[in-house]
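Listing of final-v9.txt, compact mmCIF, C-alpha atoms
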```txt
# COMPACT_ATOMS: atom_id res chain seq x y z
CA MET Z 1 13.19 -2.33 25.80
CA THR Z 2 12.25 -4.05 22.53
CA ALA Z 3 9.64 -1.39 21.80
CA PHE Z 4 12.25 1.32 22.45
CA LEU Z 5 14.69 -0.31 20.06
CA ARG Z 6 11.97 -0.58 17.43
CA HIS Z 7 10.61 2.95 17.78
CA GLY Z 8 13.32 4.77 19.72
CA CYS Z 9 15.02 6.47 16.79
CA ARG Z 10 11.74 7.78 15.44
CA GLY Z 11 10.72 8.86 18.94
CA TRP Z 12 13.92 10.85 19.44
CA THR Z 13 13.49 12.43 16.00
CA VAL Z 14 9.99 13.62 16.86
CA PHE Z 15 11.14 14.78 20.31
CA ALA Z 16 14.00 16.77 18.79
CA PHE Z 17 11.63 18.34 16.28
CA LEU Z 18 9.25 19.36 19.06
CA LEU Z 19 12.05 21.03 21.01
CA LEU Z 20 13.20 22.84 17.89
CA ALA Z 21 9.74 23.85 16.73
CA LEU Z 22 8.56 25.17 20.06
CA SER Z 23 11.74 26.93 21.12
CA PRO Z 24 11.67 30.75 21.12
CA ALA Z 25 14.40 30.96 18.51
CA HIS Z 26 12.68 28.62 16.09
CA SER Z 27 9.35 30.39 16.47
CA GLN Z 28 10.92 33.15 14.36
CA SER Z 29 10.52 31.08 11.20
CA ILE Z 30 7.01 29.67 10.90
CA ASP Z 31 6.62 28.85 7.22
CA LEU Z 32 2.83 28.80 7.18
CA LEU Z 33 0.34 29.87 9.83
CA ILE Z 34 -3.36 29.10 9.47
CA LYS Z 35 -5.20 31.54 11.71
CA GLY Z 36 -8.62 31.42 13.30
CA GLY Z 37 -10.10 28.32 11.70
CA HIS Z 38 -12.31 25.81 13.47
CA VAL Z 39 -10.00 22.81 13.83
CA ILE Z 40 -11.49 19.31 13.76
CA ASP Z 41 -8.80 16.76 14.62
CA PRO Z 42 -10.52 13.60 15.90
CA LYS Z 43 -7.34 11.78 16.92
CA ASN Z 44 -6.30 14.60 19.23
CA GLN Z 45 -9.87 15.38 20.31
CA ILE Z 46 -9.73 18.97 19.05
CA ASP Z 47 -13.00 20.55 17.98
CA GLY Z 48 -12.75 24.32 18.25
CA VAL Z 49 -11.03 27.47 17.04
CA ARG Z 50 -7.25 27.03 16.87
CA ASP Z 51 -4.26 28.20 14.85
CA VAL Z 52 -2.03 25.72 13.04
CA ALA Z 53 1.67 26.42 12.48
CA VAL Z 54 3.79 24.62 9.88
CA ILE Z 55 7.58 24.51 9.88
CA SER Z 56 9.68 22.60 7.33
CA GLY Z 57 6.68 20.67 6.06
CA LYS Z 58 5.67 19.45 9.53
CA ILE Z 59 2.98 20.39 12.00
CA ALA Z 60 4.80 22.57 14.54
CA GLN Z 61 1.99 23.76 16.79
CA VAL Z 62 -1.79 23.67 17.15
CA ALA Z 63 -2.94 26.26 19.68
CA ALA Z 64 -5.01 29.37 20.25
CA ASP Z 65 -3.61 32.72 19.17
CA ILE Z 66 -0.18 31.77 17.80
CA PRO Z 67 1.59 35.10 17.09
CA ALA Z 68 1.52 35.94 13.39
CA ALA Z 69 4.38 38.44 13.40
CA ASN Z 70 7.08 35.88 12.72
CA ALA Z 71 5.22 33.80 10.11
CA LYS Z 72 6.36 33.93 6.50
CA LYS Z 73 2.83 33.25 5.24
CA VAL Z 74 -0.45 33.70 7.12
CA VAL Z 75 -3.77 32.27 5.94
CA ASP Z 76 -6.92 33.77 7.44
CA ALA Z 77 -9.21 30.79 8.02
CA LYS Z 78 -11.81 32.58 10.11
CA GLY Z 79 -15.24 31.13 9.32
CA LEU Z 80 -13.66 28.01 7.78
CA TYR Z 81 -12.87 24.55 9.09
CA VAL Z 82 -9.36 23.06 9.34
CA ALA Z 83 -8.78 19.31 9.40
CA PRO Z 84 -6.07 16.75 8.70
CA GLY Z 85 -5.66 16.08 4.99
CA PHE Z 86 -8.44 13.78 3.87
CA ILE Z 87 -7.66 10.12 3.18
CA ASP Z 88 -9.64 8.45 0.39
CA MET Z 89 -9.25 4.78 1.27
CA HIS Z 90 -10.85 3.42 -1.90
CA ALA Z 91 -9.75 4.79 -5.28
CA HIS Z 92 -8.45 3.56 -8.63
CA VAL Z 93 -5.46 5.52 -9.90
CA PHE Z 94 -3.50 3.00 -12.01
CA ASN Z 95 -4.12 5.10 -15.10
CA GLY Z 96 -2.60 3.89 -18.36
CA THR Z 97 -3.09 3.07 -22.01
CA THR Z 98 -3.13 -0.73 -22.27
CA PRO Z 99 -5.67 -1.62 -24.98
CA ASP Z 100 -8.83 -3.25 -23.61
CA ALA Z 101 -7.61 -2.85 -20.02
CA TYR Z 102 -10.26 -2.24 -17.39
CA ILE Z 103 -8.68 -0.61 -14.30
CA ALA Z 104 -5.12 -2.00 -14.30
CA ASN Z 105 -3.09 0.41 -16.45
CA GLY Z 106 -6.30 1.43 -18.18
CA HIS Z 107 -8.41 4.46 -19.00
CA THR Z 108 -10.97 3.74 -16.28
CA SER Z 109 -8.40 4.60 -13.60
CA VAL Z 110 -7.50 8.26 -13.18
CA ALA Z 111 -4.24 10.13 -12.57
CA PRO Z 112 -4.57 11.06 -8.88
CA ASP Z 113 -3.40 14.69 -8.72
CA GLY Z 114 -6.19 15.88 -11.00
CA PHE Z 115 -8.91 14.59 -8.67
CA THR Z 116 -7.52 14.66 -5.14
CA PHE Z 117 -6.41 18.10 -3.97
CA ARG Z 118 -9.49 19.90 -5.27
CA THR Z 119 -11.61 17.74 -2.95
CA GLY Z 120 -9.35 18.09 0.10
CA VAL Z 121 -7.68 14.69 -0.35
CA THR Z 122 -3.95 14.37 0.33
CA THR Z 123 -3.72 10.55 0.48
CA VAL Z 124 -5.42 7.95 -1.69
CA VAL Z 125 -5.33 4.20 -1.28
CA ASP Z 126 -5.64 2.39 -4.57
CA ALA Z 127 -8.08 -0.46 -4.03
CA GLY Z 128 -6.54 -3.39 -5.84
CA SER Z 129 -6.03 -2.01 -9.33
CA SER Z 130 -2.70 -3.84 -9.54
CA GLY Z 131 -1.52 -7.28 -8.52
CA TRP Z 132 1.95 -8.58 -7.80
CA ARG Z 133 2.69 -8.98 -11.51
CA ASN Z 134 2.11 -5.32 -12.43
CA PHE Z 135 2.51 -3.39 -9.17
CA LYS Z 136 6.05 -2.30 -10.08
CA LEU Z 137 4.68 -0.66 -13.24
CA PHE Z 138 1.98 1.06 -11.16
CA LYS Z 139 4.61 2.31 -8.73
CA ALA Z 140 6.90 3.69 -11.44
CA GLN Z 141 4.11 5.13 -13.53
CA THR Z 142 1.86 6.65 -10.85
CA ILE Z 143 3.00 6.36 -7.24
CA ASP Z 144 6.51 7.73 -7.80
CA ARG Z 145 5.25 10.61 -9.98
CA ALA Z 146 2.27 11.85 -7.97
CA GLN Z 147 2.25 14.72 -5.50
CA THR Z 148 -0.65 12.96 -3.81
CA ARG Z 149 0.49 10.30 -1.36
CA VAL Z 150 -0.55 7.05 -3.05
CA LEU Z 151 -0.75 3.84 -1.05
CA ALA Z 152 -2.27 0.58 -2.26
CA PHE Z 153 -4.19 -2.57 -1.60
CA LEU Z 154 -2.58 -5.30 -3.70
CA ASN Z 155 -5.03 -7.45 -5.62
CA ILE Z 156 -4.96 -11.15 -4.82
CA VAL Z 157 -5.07 -11.70 -8.61
CA GLY Z 158 -1.57 -11.37 -10.06
CA THR Z 159 -2.65 -9.14 -12.94
CA GLY Z 160 -4.93 -7.03 -10.77
CA MET Z 161 -8.07 -5.63 -12.38
CA ALA Z 162 -7.03 -6.21 -15.96
CA SER Z 163 -10.54 -7.42 -16.82
CA ARG Z 164 -13.35 -9.45 -15.30
CA TYR Z 165 -12.01 -12.49 -17.21
CA GLU Z 166 -8.55 -12.41 -15.62
CA GLU Z 167 -10.10 -11.81 -12.21
CA GLN Z 168 -11.64 -15.29 -12.27
CA ASP Z 169 -8.31 -17.11 -12.60
CA LEU Z 170 -7.77 -18.98 -9.32
CA THR Z 171 -4.36 -20.17 -10.53
CA ASP Z 172 -3.17 -16.55 -10.55
CA MET Z 173 -4.17 -15.97 -6.91
CA ASN Z 174 -0.90 -16.68 -5.12
CA PRO Z 175 -0.93 -15.74 -1.40
CA VAL Z 176 2.82 -16.31 -1.01
CA MET Z 177 3.82 -14.01 -3.88
CA VAL Z 178 1.36 -11.37 -2.71
CA ALA Z 179 2.66 -11.51 0.87
CA ASN Z 180 6.28 -11.44 -0.27
CA MET Z 181 5.70 -8.33 -2.36
CA ILE Z 182 4.22 -6.62 0.68
CA LYS Z 183 6.59 -7.73 3.43
CA ARG Z 184 9.85 -7.98 1.50
CA LEU Z 185 9.54 -5.26 -1.13
CA TYR Z 186 7.00 -2.53 -0.37
CA PRO Z 187 5.83 -2.62 3.27
CA ASN Z 188 5.56 1.17 3.40
CA ILE Z 189 3.36 1.47 0.32
CA ILE Z 190 1.15 -1.61 0.18
CA VAL Z 191 -1.24 -1.50 3.13
CA GLY Z 192 -3.58 -4.39 2.40
CA ILE Z 193 -5.01 -6.93 -0.03
CA LYS Z 194 -8.07 -6.70 -2.28
CA SER Z 195 -10.56 -9.38 -3.29
CA ALA Z 196 -13.13 -8.34 -5.89
CA HIS Z 197 -15.37 -9.20 -8.84
CA PHE Z 198 -15.21 -12.98 -8.39
CA TRP Z 199 -18.08 -14.95 -9.91
CA GLY Z 200 -17.47 -18.15 -7.96
CA ASP Z 201 -17.69 -19.12 -4.30
CA TYR Z 202 -15.63 -17.89 -1.34
CA SER Z 203 -12.34 -19.22 -2.79
CA GLN Z 204 -10.95 -15.84 -3.80
CA VAL Z 205 -11.67 -14.42 -0.34
CA GLN Z 206 -9.97 -17.42 1.26
CA ARG Z 207 -6.79 -16.83 -0.73
CA ALA Z 208 -6.84 -13.12 0.04
CA VAL Z 209 -7.21 -13.76 3.77
CA GLU Z 210 -4.41 -16.32 3.64
CA ALA Z 211 -2.18 -13.65 2.09
CA GLY Z 212 -3.39 -11.17 4.70
CA LYS Z 213 -2.33 -13.47 7.48
CA LEU Z 214 1.09 -14.02 5.92
CA ALA Z 215 1.68 -10.29 5.44
CA ASP Z 216 -0.16 -9.10 8.58
CA VAL Z 217 -2.34 -6.66 6.67
CA PRO Z 218 -6.11 -6.23 6.29
CA VAL Z 219 -8.15 -7.55 3.38
CA MET Z 220 -10.73 -5.43 1.56
CA VAL Z 221 -13.56 -7.41 -0.04
CA ASP Z 222 -15.91 -6.34 -2.82
CA PHE Z 223 -18.48 -9.14 -2.61
CA GLY Z 224 -20.73 -8.51 -5.58
CA GLU Z 225 -21.29 -10.35 -8.87
CA HIS Z 226 -22.48 -13.63 -7.35
CA ARG Z 227 -25.65 -15.04 -8.88
CA PRO Z 228 -27.48 -15.97 -6.77
CA PRO Z 229 -25.94 -13.75 -4.07
CA LEU Z 230 -23.71 -15.44 -1.52
CA SER Z 231 -24.34 -14.97 2.19
CA ILE Z 232 -22.57 -11.96 3.67
CA GLU Z 233 -23.30 -13.30 7.14
CA LYS Z 234 -21.22 -16.36 6.26
CA LEU Z 235 -18.55 -14.09 4.76
CA PHE Z 236 -18.37 -11.99 7.92
CA LYS Z 237 -18.46 -14.82 10.44
CA GLU Z 238 -16.51 -17.58 8.73
CA TYR Z 239 -13.94 -15.87 6.51
CA LEU Z 240 -13.14 -12.28 7.49
CA ARG Z 241 -11.19 -11.17 10.56
CA PRO Z 242 -11.53 -8.14 12.81
CA GLY Z 243 -9.80 -5.33 10.92
CA ASP Z 244 -10.74 -6.68 7.50
CA ILE Z 245 -12.87 -4.41 5.32
CA PHE Z 246 -16.23 -4.91 3.66
CA THR Z 247 -16.55 -2.30 0.92
CA HIS Z 248 -19.56 -0.98 -1.02
CA THR Z 249 -21.48 -1.08 2.26
CA TYR Z 250 -24.54 0.76 0.94
CA ALA Z 251 -24.78 -0.89 -2.47
CA HIS Z 252 -28.16 -2.08 -3.66
CA GLY Z 253 -27.90 -4.80 -6.27
CA PRO Z 254 -29.94 -7.61 -4.75
CA ASN Z 255 -29.66 -9.84 -7.83
CA ASP Z 256 -25.92 -10.34 -7.33
CA ARG Z 257 -25.05 -8.80 -3.96
CA GLU Z 258 -26.68 -9.35 -0.58
CA THR Z 259 -27.58 -6.02 0.98
CA VAL Z 260 -27.12 -4.83 4.57
CA VAL Z 261 -30.71 -3.52 4.71
CA ASP Z 262 -33.54 -5.96 4.01
CA GLU Z 263 -36.59 -5.35 1.81
CA GLN Z 264 -38.52 -4.05 4.85
CA GLY Z 265 -35.91 -1.33 5.40
CA LYS Z 266 -34.33 -2.96 8.45
CA VAL Z 267 -30.60 -3.32 9.03
CA LYS Z 268 -29.84 -7.01 9.39
CA PRO Z 269 -28.93 -7.67 13.06
CA PHE Z 270 -25.73 -9.59 12.26
CA VAL Z 271 -24.36 -6.49 10.47
CA LEU Z 272 -24.43 -4.43 13.66
CA GLU Z 273 -23.07 -7.33 15.67
CA ILE Z 274 -20.09 -7.91 13.40
CA GLN Z 275 -19.22 -4.21 13.26
CA LYS Z 276 -19.00 -4.17 17.05
CA LYS Z 277 -16.57 -7.11 16.82
CA GLY Z 278 -14.18 -5.14 14.61
CA LEU Z 279 -15.11 -5.70 10.97
CA VAL Z 280 -14.60 -2.45 9.08
CA PHE Z 281 -17.34 -1.14 6.78
CA ASP Z 282 -16.23 1.10 3.90
CA VAL Z 283 -18.56 3.23 1.77
CA GLY Z 284 -16.77 2.81 -1.59
CA HIS Z 285 -19.44 4.88 -3.35
CA GLY Z 286 -18.36 4.19 -6.93
CA GLY Z 287 -20.49 4.43 -10.04
CA GLY Z 288 -22.93 1.75 -8.94
CA ALA Z 289 -22.43 0.98 -5.27
CA PHE Z 290 -24.30 3.59 -3.22
CA ALA Z 291 -28.07 3.71 -2.80
CA TRP Z 292 -30.18 6.02 -0.66
CA ARG Z 293 -32.49 3.08 0.13
CA GLN Z 294 -29.56 1.40 1.88
CA ALA Z 295 -27.73 4.38 3.39
CA ILE Z 296 -30.62 6.38 4.85
CA PRO Z 297 -32.28 3.51 6.78
CA SER Z 298 -28.84 2.35 7.96
CA ILE Z 299 -27.93 5.72 9.44
CA ARG Z 300 -31.36 6.18 10.99
CA GLN Z 301 -30.93 2.82 12.71
CA GLY Z 302 -27.43 3.58 13.98
CA PHE Z 303 -25.38 1.70 11.39
CA LEU Z 304 -22.76 4.08 10.01
CA ALA Z 305 -19.83 2.88 7.90
CA ASN Z 306 -16.43 3.24 9.58
CA VAL Z 307 -14.83 4.85 6.51
CA ILE Z 308 -16.22 7.24 3.90
CA SER Z 309 -14.55 6.75 0.51
CA THR Z 310 -15.20 7.30 -3.18
CA ASP Z 311 -14.20 4.31 -5.33
CA LEU Z 312 -12.83 6.98 -7.65
CA HIS Z 313 -12.66 6.14 -11.37
CA THR Z 314 -13.93 7.69 -14.58
CA ASP Z 315 -17.46 6.31 -14.27
CA SER Z 316 -17.97 7.35 -10.65
CA MET Z 317 -16.46 10.84 -10.85
CA ASN Z 318 -18.84 11.83 -13.67
CA GLY Z 319 -21.83 10.20 -12.00
CA GLY Z 320 -23.42 10.63 -8.61
CA MET Z 321 -20.16 10.27 -6.70
CA LYS Z 322 -18.21 13.25 -8.15
CA GLY Z 323 -15.54 13.49 -5.39
CA LEU Z 324 -14.89 12.88 -1.73
CA ASP Z 325 -16.17 16.35 -0.83
CA ASN Z 326 -19.50 15.48 -2.43
CA VAL Z 327 -19.66 12.07 -0.70
CA ILE Z 328 -18.98 13.65 2.69
CA SER Z 329 -21.73 16.18 1.92
CA LYS Z 330 -24.19 13.33 1.39
CA PHE Z 331 -23.55 12.08 4.89
CA LEU Z 332 -23.92 15.54 6.38
CA ASN Z 333 -27.32 15.79 4.71
CA MET Z 334 -28.31 12.39 6.08
CA GLY Z 335 -27.78 13.77 9.57
CA VAL Z 336 -24.22 12.67 10.33
CA PRO Z 337 -22.51 15.33 12.51
CA LEU Z 338 -19.53 17.02 10.86
CA PRO Z 339 -16.93 15.70 13.38
CA ASP Z 340 -18.18 12.13 12.81
CA ALA Z 341 -17.86 12.55 9.06
CA ILE Z 342 -14.35 14.03 9.33
CA LEU Z 343 -13.31 11.14 11.59
CA ARG Z 344 -14.24 8.78 8.74
CA VAL Z 345 -11.94 10.48 6.22
CA THR Z 346 -8.98 11.08 8.56
CA TRP Z 347 -8.15 9.11 11.69
CA ASN Z 348 -10.41 6.11 11.03
CA PRO Z 349 -8.88 5.17 7.66
CA ALA Z 350 -5.39 5.87 9.03
CA GLN Z 351 -5.99 3.27 11.72
CA VAL Z 352 -7.54 0.76 9.32
CA ILE Z 353 -4.46 0.81 7.05
CA LYS Z 354 -2.13 0.83 10.08
CA ARG Z 355 -0.65 4.23 9.30
CA PRO Z 356 -0.92 6.17 12.58
CA ASP Z 357 1.43 8.80 11.14
CA LEU Z 358 -1.46 9.95 8.93
CA GLY Z 359 -4.90 11.39 9.56
CA SER Z 360 -4.13 13.90 12.31
CA LEU Z 361 -2.55 17.26 13.07
CA THR Z 362 -0.22 15.77 15.65
CA VAL Z 363 2.85 17.94 16.23
CA GLY Z 364 5.77 16.50 14.28
CA SER Z 365 3.63 14.78 11.65
CA GLU Z 366 3.76 15.69 7.99
CA ALA Z 367 1.67 18.81 7.35
CA ASP Z 368 -1.19 17.44 5.29
CA ILE Z 369 -4.06 19.86 5.95
CA THR Z 370 -7.49 20.50 4.47
CA VAL Z 371 -9.21 23.85 4.95
CA PHE Z 372 -12.85 23.69 3.96
CA ASN Z 373 -16.16 25.48 4.02
CA VAL Z 374 -19.61 24.03 4.64
CA ARG Z 375 -21.86 26.03 2.36
CA LYS Z 376 -25.54 26.55 3.08
CA GLY Z 377 -27.97 26.47 0.19
CA ASP Z 378 -30.31 24.39 -1.93
CA PHE Z 379 -28.42 21.34 -3.22
CA GLY Z 380 -29.21 17.98 -4.78
CA PHE Z 381 -27.26 14.75 -4.36
CA ILE Z 382 -27.53 11.76 -6.68
CA ASP Z 383 -27.03 8.10 -5.78
CA ALA Z 384 -25.89 5.28 -8.08
CA ARG Z 385 -29.52 4.52 -8.97
CA ARG Z 386 -29.98 8.05 -10.38
CA LEU Z 387 -32.21 9.17 -7.50
CA LYS Z 388 -31.89 12.50 -5.68
CA LEU Z 389 -31.72 13.57 -2.06
CA LYS Z 390 -32.30 17.27 -1.45
CA GLY Z 391 -29.93 18.90 1.02
CA ASP Z 392 -28.91 22.24 2.47
CA LYS Z 393 -25.22 21.59 3.22
CA LYS Z 394 -22.25 21.13 0.90
CA LEU Z 395 -18.64 20.70 1.92
CA GLU Z 396 -16.17 22.54 -0.31
CA ALA Z 397 -12.37 22.38 -0.12
CA GLU Z 398 -10.91 25.89 0.08
CA LEU Z 399 -7.24 25.08 0.62
CA THR Z 400 -5.32 21.81 0.49
CA ILE Z 401 -1.80 21.53 1.87
CA ARG Z 402 0.39 18.52 1.15
CA ALA Z 403 3.60 18.20 3.19
CA GLY Z 404 3.47 21.90 4.02
CA LYS Z 405 2.96 23.02 0.42
CA VAL Z 406 -0.23 24.64 -0.87
CA VAL Z 407 -1.47 22.42 -3.70
CA TRP Z 408 -5.05 23.71 -4.04
CA ASP Z 409 -6.41 27.17 -3.32
CA LEU Z 410 -9.96 27.64 -4.54
CA ASN Z 411 -10.38 31.33 -3.76
CA GLY Z 412 -6.79 32.52 -3.33
CA ILE Z 413 -6.84 32.71 0.47
CA SER Z 414 -3.14 31.87 0.66
CA VAL Z 415 -1.87 34.58 -1.72
CA ALA Z 416 -1.67 38.36 -1.85
CA GLY Z 417 -3.93 40.56 -3.94
CA TRP Z 418 -2.75 41.58 -7.38
CA GLU Z 419 -2.26 45.16 -6.22
CA SER Z 420 0.69 44.07 -4.10
CA GLU Z 421 2.69 43.48 -7.26
CA MET Z 422 2.22 47.10 -8.32
CA GLN Z 423 2.97 48.43 -4.84
CA ALA Z 424 6.24 46.50 -4.80
CA LYS Z 425 7.47 48.64 -7.69
```
Write out the structure in this file as structure tokens.
Amino acid sequence: MTAFLRHGCRGWTVFAFLLLALSPAHSQSIDLLIKGGHVIDPKNQIDGVRDVAVISGKIAQVAADIPAANAKKVVDAKGLYVAPGFIDMHAHVFNGTTPDAYIANGHTSVAPDGFTFRTGVTTVVDAGSSGWRNFKLFKAQTIDRAQTRVLAFLNIVGTGMASRYEEQDLTDMNPVMVANMIKRLYPNIIVGIKSAHFWGDYSQVQRAVEAGKLADVPVMVDFGEHRPPLSIEKLFKEYLRPGDIFTHTYAHGPNDRETVVDEQGKVKPFVLEIQKKGLVFDVGHGGGAFAWRQAIPSIRQGFLANVISTDLHTDSMNGGMKGLDNVISKFLNMGVPLPDAILRVTWNPAQVIKRPDLGSLTVGSEADITVFNVRKGDFGFIDARRLKLKGDKKLEAELTIRAGKVVWDLNGISVAGWESEMQAK
């Protein structure tokens, strides 16, 4: 009964939508119909040719051979793949002009819409750019203005990633204020807490986890910049909880960050053990946090990160990372099957951030859709150490739909030819 009271209204809303969307009368007004694409929807265990119908910004139907006669717009997706809108769970989009700022309201962060849709991304999660002191500015300046859905991990440091200097201030790491901002003010936007760039011991992580417990959200930890490196086995077993996130999984900076693969190319046994117990591993490629010498042996030995993400910022997007489409392509060329890769940019991150309304093509959910191609050719992919892996597959976003609206169309597959304008006369 309690569960019904908590979710009943939403349940009835979805049920009413389903009745309306699937009724014969309502089938007369499909707003957008994507025909003949190969749908990969891991949550709903769909991996095959289907049509996808959108009505009023929502997924109305996913089925074979939906009649096109009554659709206002039809997109021919034959030969292409169709998936839920990609979720980039690690990005930095608190773009601003504060002098000498690093990522918080600084030039290193990017405005999301310019870098999301073109790579198939409809949702980004900012990874701790802001703290409780400047999150409201981030919300007003970026979140409220973006077409991209922007969610956030709140930094345990009050000023967020203003600079490495401010990030060392233990007196500005207030678990109560962080938890209050999440639970009392922005529970639908802030999905977790970030700990990063700390030069000391495990104290910053401890405060972040304390806030995570108070707010009932996961903690994402960037555990570099310790000289000598601190033990990640101790981090995993003594500080982090199932559902917490270890980012920059495949980084190789052994002078200040313990790696998951040892010098003999073997995945450390405790890494596999802790993943099985529920710790989440995030790629977080970034400008300096992805190395072939870590990723390739890991995948060959069965250790694959739970989430594929970019760590988007100005340095990474112009380096080896480029965009989420390029990062996914790297995994395809390391032998990861396409459905497994798509799982890691859709349903997996949605579950990690406790947003089950995202990351699928479930009927009644908001119509965030990515239509993409997997090109065959001769390609090269660069890691953060400026080393290349040759590959023959590259994922390319053809069409990105956010809340039922086309926001990226690489080759014009959603529009009529120019001749139609002349014929109309």
Which distance in Å separates CA of Phe223 in chain Z and CA of Thr122 in chain Z, to one decimal?
-> 27.8 Å
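Across the structure, CA of Val280 in chain Z and CA of Lys237 in chain Z are spaced 13.0 Å apart.
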At most 10 Å is the cut-off: for each residue in range 199-237 of chain Z with any atom that close to an atom of range 170-183 of chain Z, write down the nearest atom pair and the distance in Å rounded to one decimal, counting all atoms listed in the file, chain first then increasing number, as CSV.
```
residue,atom,partner,partner_atom,distance
Z:Gly200,CA,Z:Leu170,CA,9.8
Z:Ser203,CA,Z:Leu170,CA,8.0
Z:Gln204,CA,Z:Leu170,CA,7.1
Z:Gln206,CA,Z:Pro175,CA,9.6
Z:Arg207,CA,Z:Pro175,CA,6.0
Z:Ala208,CA,Z:Pro175,CA,6.6
Z:Val209,CA,Z:Pro175,CA,8.4
Z:Glu210,CA,Z:Pro175,CA,6.2
Z:Ala211,CA,Z:Pro175,CA,4.3
Z:Gly212,CA,Z:Ala179,CA,7.2
Z:Lys213,CA,Z:Ala179,CA,8.5
Z:Leu214,CA,Z:Ala179,CA,5.9
Z:Ala215,CA,Z:Ala179,CA,4.8
Z:Asp216,CA,Z:Ala179,CA,8.6
Z:Val217,CA,Z:Ile182,CA,8.9
```
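Counting all atoms listed in the file and comparing Z:Ala140, Z:Val121, Z:Ala384, Z:Ala104, the residue that lies closest to Gly288 in chain Z is Z:Ala384.
Taking CA of Lys330 in chain Z and CA of Gly85 in chain Z as endpoints, the distance between them is 19.1 Å.
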Hey, what's within 9 Å of Arg118 in chain Z if we count all atoms listed in the file and toss same-chain stuff fewer than 5 positions away? As a PyMOL selection string, please?
-> chain Z and resi 113+323+325+396-400+407-410
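Take the candidates Z:His285, Z:Arg385, Z:Lys276, Z:Arg133 and check each one against Pro242 in chain Z using all atoms listed in the file; the shortest distance goes to Z:Lys276.
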Rows by chain and residue number, range 102-206 of chain Z within 12 Å of range 360-382 of chain Z, shortest pair, all atoms listed in the file, as CSV:
```
residue,atom,partner,partner_atom,distance
Z:Thr116,CA,Z:Thr370,CA,11.2
Z:Phe117,CA,Z:Thr370,CA,8.8
Z:Arg118,CA,Z:Thr370,CA,10.0
Z:Thr119,CA,Z:Thr370,CA,8.9
Z:Gly120,CA,Z:Thr370,CA,5.3
Z:Val121,CA,Z:Thr370,CA,7.6
Z:Thr122,CA,Z:Asp368,CA,6.5
Z:Thr123,CA,Z:Asp368,CA,8.8
Z:Gln147,CA,Z:Asp368,CA,11.6
Z:Thr148,CA,Z:Asp368,CA,10.2
Z:Arg149,CA,Z:Asp368,CA,9.9
```
Could you give me, as a PyMOL selection string, the residues that have an atom at most 9 Å away from the point (-6.2, -0.5, -13.1) in the coordinates of the file, using all atoms listed in the file?
-> chain Z and resi 92-96+101-110+128-130+138+160-163
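With all atoms listed in the file as the atoms that count, the minimum distance from Asp315 in chain Z to the choices Z:Ala91, Z:Val54, Z:Ile66, Z:Val260 is reached by Z:Ala91.
If all atoms listed in the file are the atoms counted, then among Z:Gly287, Z:Pro67, Z:Gly391, Z:Pro84 the closest residue to Asp41 in chain Z is Z:Pro84.
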Close residues, Leu304 in chain Z itself excluded, 10 Å, only C-alpha atoms, min 2 positions apart in chain, as a ChimeraX atom specification | /Z:249-250,272,275,281-283,295-296,298-302,306-308,331,336,340-341,344
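Minimum distance to Gly335 in chain Z across Z:Phe246, Z:Val352, Z:Ile274, Z:Lys393 (counting all atoms listed in the file) occurs at Z:Lys393.
For the choices Z:Ala289, Z:Leu395, Z:Phe303, Z:Leu338, the atom-to-atom distance to Val261 in chain Z is smallest for Z:Phe303 when using all atoms listed in the file.
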